[in-house]
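> Here's a structure for you.
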Amino acid sequence: MKQFKSIKRTYGAFVNAGIQDFIAYKASFFGFFIGEIFMCFVMYFIWKAVYASTGRTDFMGFSMIDMMVYVFLTHISGFLIQTDATFSIASEIKDGSIIMRMIKPVNVDLSILFFEFGSKIMIITCVFVPVMVGLEIYRYITLGYVAFKLVRLILFMISISISYLLSFYLNLIFGYLAFYLLNIWGFGVLKEELIKFFSGAVIPIAFFPGVVRKVFSFLPFASLTYTPVMIYMEKYNGMKLIFNLSLQIVWLLVFIGLSRGLWKWAEKRLAVQGG
């Protein structure tokens, strides 16, 4: 309890700052959100055309209704795990302001993490809840019965929380590369596109050939969006569910260890432009 109070006292201000930052730039965020929702509908009609051209109502265990849920859920999961850790830490390293974090009695990674928690609280409230309600209404109208299961939502939230932490530390590692490259904008863009592909955000991993599917499923990228979405859609059950949740935790611990090790190594040779 004392440790919790200490963390709340130390990092509570960062959470509040994150909430204020979201409120200050909410118009920009919602503009981006509307664009993503539009893209969801584009992807929906593309998949609808694919299913219609094949004359099948089911492909690789996915019905058209499943694809509708998958498309929207992967995009909303992308919002939940999205992090600016790469560019925020890289820009601070580049301009030298990283030293201000280093002289404060807080962990660098935790100060950034708790700042982002503030925006995540707002995203869950303003974006995630309305979209999920809309999806469940769609499933009810289409299927004729309530498909929503509370236990699946709870498992999804546990899985997506691990996914966010995994995404955060993965991005933090890329941000630390600025200690060596100084400008990582190009690498950051490349990383985002590769993650979208390997995580199943573009094409479900289940649609890939056997060997490729198995390799992709074991990579850390599948743990970002594909795993939580498959859990919510009841595609992962029993031991398969336990295995994939465990795999998420393993990859999270690996990337936490890598980020901490890289930080300790990098701070010994801190060199910033103008610093």
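Convention: chains lettered A, B, ... in structure tokens order; per-chain residue numbering from 1; ligands numbered from 1 as shown.
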For A:Phe221, work out the shell of residues within 9 Å, counting only C-alpha atoms and skipping chain neighbours fewer than 3 positions away, then give it as a ChimeraX atom specification.

/A:167,195-200,216-218,224-226

> Can those selected residues be exported to a file as a compact mmCIF listing (two decimals), in the first residue's frame so that it contains N, CA and C atoms?


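Everything below was put into result_16.txt:
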# COMPACT_ATOMS: atom_id res chain seq x y z
N SER A 167 4.04 -2.66 -26.60
CA SER A 167 4.22 -1.63 -27.62
C SER A 167 5.06 -0.47 -27.09
N ILE A 195 5.14 -3.16 -38.32
CA ILE A 195 4.33 -3.64 -37.21
C ILE A 195 2.89 -3.87 -37.67
N LYS A 196 2.35 -2.95 -38.47
CA LYS A 196 0.98 -3.12 -38.97
C LYS A 196 0.83 -4.42 -39.75
N PHE A 197 1.84 -4.74 -40.56
CA PHE A 197 1.77 -5.94 -41.38
C PHE A 197 1.93 -7.20 -40.54
N PHE A 198 2.98 -7.25 -39.72
CA PHE A 198 3.28 -8.46 -38.95
C PHE A 198 2.32 -8.69 -37.80
N SER A 199 1.60 -7.64 -37.37
CA SER A 199 0.68 -7.79 -36.24
C SER A 199 -0.71 -8.23 -36.67
N GLY A 200 -0.93 -8.35 -37.97
CA GLY A 200 -2.25 -8.76 -38.44
C GLY A 200 -3.23 -7.62 -38.57
N PHE A 216 4.75 -15.99 -37.82
CA PHE A 216 4.15 -14.71 -37.44
C PHE A 216 3.49 -14.78 -36.07
N SER A 217 2.88 -15.92 -35.75
CA SER A 217 2.17 -16.07 -34.47
C SER A 217 3.12 -16.04 -33.28
N PHE A 218 4.38 -16.46 -33.49
CA PHE A 218 5.34 -16.49 -32.41
C PHE A 218 6.10 -15.16 -32.26
N LEU A 224 0.63 -7.76 -30.22
CA LEU A 224 0.21 -6.37 -30.11
C LEU A 224 -1.29 -6.19 -30.35
N THR A 225 -1.78 -6.66 -31.50
CA THR A 225 -3.21 -6.49 -31.79
C THR A 225 -3.92 -7.80 -32.09
N TYR A 226 -3.24 -8.71 -32.75
CA TYR A 226 -3.89 -9.95 -33.18
C TYR A 226 -4.37 -10.79 -31.99

> Taking the DSSP secondary structure from the backbone, can you list the residues of stretch 1-93 of chain A that are helix (DSSP H, G or I), as a VMD selection string?

chain A and resid 2 to 24 26 to 54 64 to 81 85 to 93

> Let's see if you can do this: from backbone DSSP, list all strand (DSSP E) residues in stretch 43-166 of chain A, as a list in words.

Asp58, Phe59, Phe62 and Ser63 of chain A

> Quick check, in Å to one decimal: how far apart do atom CA of A:Gln82 and atom CA of A:Leu113 lie?

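Separation between atom CA of A:Gln82 and atom CA of A:Leu113: 11.7 Å.
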
> Using only C-alpha atoms, which of A:Met132, A:Met64, A:Ile121, A:Ile160 sits nearest A:Ser77?

A:Ile160

> Quote the spacing between atom CA of A:Gly55 and atom CA of A:Val146 in Å to one decimal place.

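Distance between the two atoms: 27.1 Å.
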
> For A:Leu252, please output as a PyMOL selection string all residues within 12 Å (counting only C-alpha atoms; exclusion window: fewer than 5 positions along the same chain).

chain A and resi 159+161-170+219-221+223-224+245-247+257-259

> Show which residues sit within 12 Å of A:Phe87, as a VMD selection string. Count only C-alpha atoms, and ignore same-chain residues fewer than 2 positions away.

chain A and resid 83 to 85 89 to 94 112 168 171 to 178 182 to 189 191 to 192

> Check the smallest atom-to-atom distance from each of A:Ile124, A:Val202, A:Ile158, A:Val129 to A:Met39 using only C-alpha atoms, then report the winner.

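Closest residue, counting only C-alpha atoms: A:Val202.
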
> Contacts of A:Cys126 at 12 Å or less, counting only C-alpha atoms, minus same-chain residues fewer than 6 places along, as a PDB file with N, CA and C atoms, in the first residue's frame?


ATOM      1  N   PHE A  22      -4.296  15.704 -23.792  1.00  0.00           N
ATOM      2  CA  PHE A  22      -5.338  15.157 -24.668  1.00  0.00           C
ATOM      3  C   PHE A  22      -6.440  16.176 -24.881  1.00  0.00           C
ATOM      4  N   ILE A  23      -6.867  16.826 -23.812  1.00  0.00           N
ATOM      5  CA  ILE A  23      -7.936  17.826 -23.903  1.00  0.00           C
ATOM      6  C   ILE A  23      -7.508  18.996 -24.778  1.00  0.00           C
ATOM      7  N   LYS A  26      -7.590  17.733 -28.514  1.00  0.00           N
ATOM      8  CA  LYS A  26      -8.650  16.755 -28.800  1.00  0.00           C
ATOM      9  C   LYS A  26      -9.196  16.890 -30.213  1.00  0.00           C
ATOM     10  N   PHE A  29      -6.954  15.023 -32.494  1.00  0.00           N
ATOM     11  CA  PHE A  29      -7.100  13.580 -32.284  1.00  0.00           C
ATOM     12  C   PHE A  29      -8.369  13.051 -32.929  1.00  0.00           C
ATOM     13  N   PHE A  30      -9.478  13.739 -32.707  1.00  0.00           N
ATOM     14  CA  PHE A  30     -10.740  13.248 -33.243  1.00  0.00           C
ATOM     15  C   PHE A  30     -10.788  13.360 -34.766  1.00  0.00           C
ATOM     16  N   PHE A  33      -9.104  10.290 -35.697  1.00  0.00           N
ATOM     17  CA  PHE A  33      -9.985   9.162 -35.381  1.00  0.00           C
ATOM     18  C   PHE A  33     -11.052   8.978 -36.461  1.00  0.00           C
ATOM     19  N   ILE A  76      -9.375  -0.127 -33.384  1.00  0.00           N
ATOM     20  CA  ILE A  76      -9.537   0.451 -32.048  1.00  0.00           C
ATOM     21  C   ILE A  76      -8.441  -0.041 -31.116  1.00  0.00           C
ATOM     22  N   PHE A  79      -5.497   2.136 -31.520  1.00  0.00           N
ATOM     23  CA  PHE A  79      -5.580   3.357 -30.721  1.00  0.00           C
ATOM     24  C   PHE A  79      -5.144   3.103 -29.283  1.00  0.00           C
ATOM     25  N   LEU A  80      -5.565   1.960 -28.744  1.00  0.00           N
ATOM     26  CA  LEU A  80      -5.281   1.662 -27.346  1.00  0.00           C
ATOM     27  C   LEU A  80      -3.797   1.387 -27.103  1.00  0.00           C
ATOM     28  N   SER A 119      -3.757  10.045 -21.409  1.00  0.00           N
ATOM     29  CA  SER A 119      -4.447  10.059 -22.701  1.00  0.00           C
ATOM     30  C   SER A 119      -5.221   8.757 -22.929  1.00  0.00           C
ATOM     31  N   LYS A 120      -4.699   7.647 -22.424  1.00  0.00           N
ATOM     32  CA  LYS A 120      -5.388   6.365 -22.590  1.00  0.00           C
ATOM     33  C   LYS A 120      -6.718   6.358 -21.840  1.00  0.00           C
ATOM     34  N   MET A 132     -17.155   0.046 -29.168  1.00  0.00           N
ATOM     35  CA  MET A 132     -17.520  -1.307 -28.747  1.00  0.00           C
ATOM     36  C   MET A 132     -19.033  -1.461 -28.638  1.00  0.00           C
ATOM     37  N   VAL A 133     -19.708  -0.433 -28.154  1.00  0.00           N
ATOM     38  CA  VAL A 133     -21.174  -0.470 -28.079  1.00  0.00           C
ATOM     39  C   VAL A 133     -21.750  -0.578 -29.487  1.00  0.00           C
TER      40      VAL A 133
END

> Find the residue from A:Tyr236, A:Tyr180, A:Leu194, A:Leu110 that sits nearest to A:Trp265; use only C-alpha atoms when measuring.

A:Tyr180

> Taking only C-alpha atoms into account, which of A:Thr125, A:Ser88, A:Ser111, A:Thr227 comes nearest A:Phe156?

A:Thr227

> Between atom CA of A:Lys235 and atom CA of A:Asp66, what is the distance, to one decimal in Å?

10.2 Å
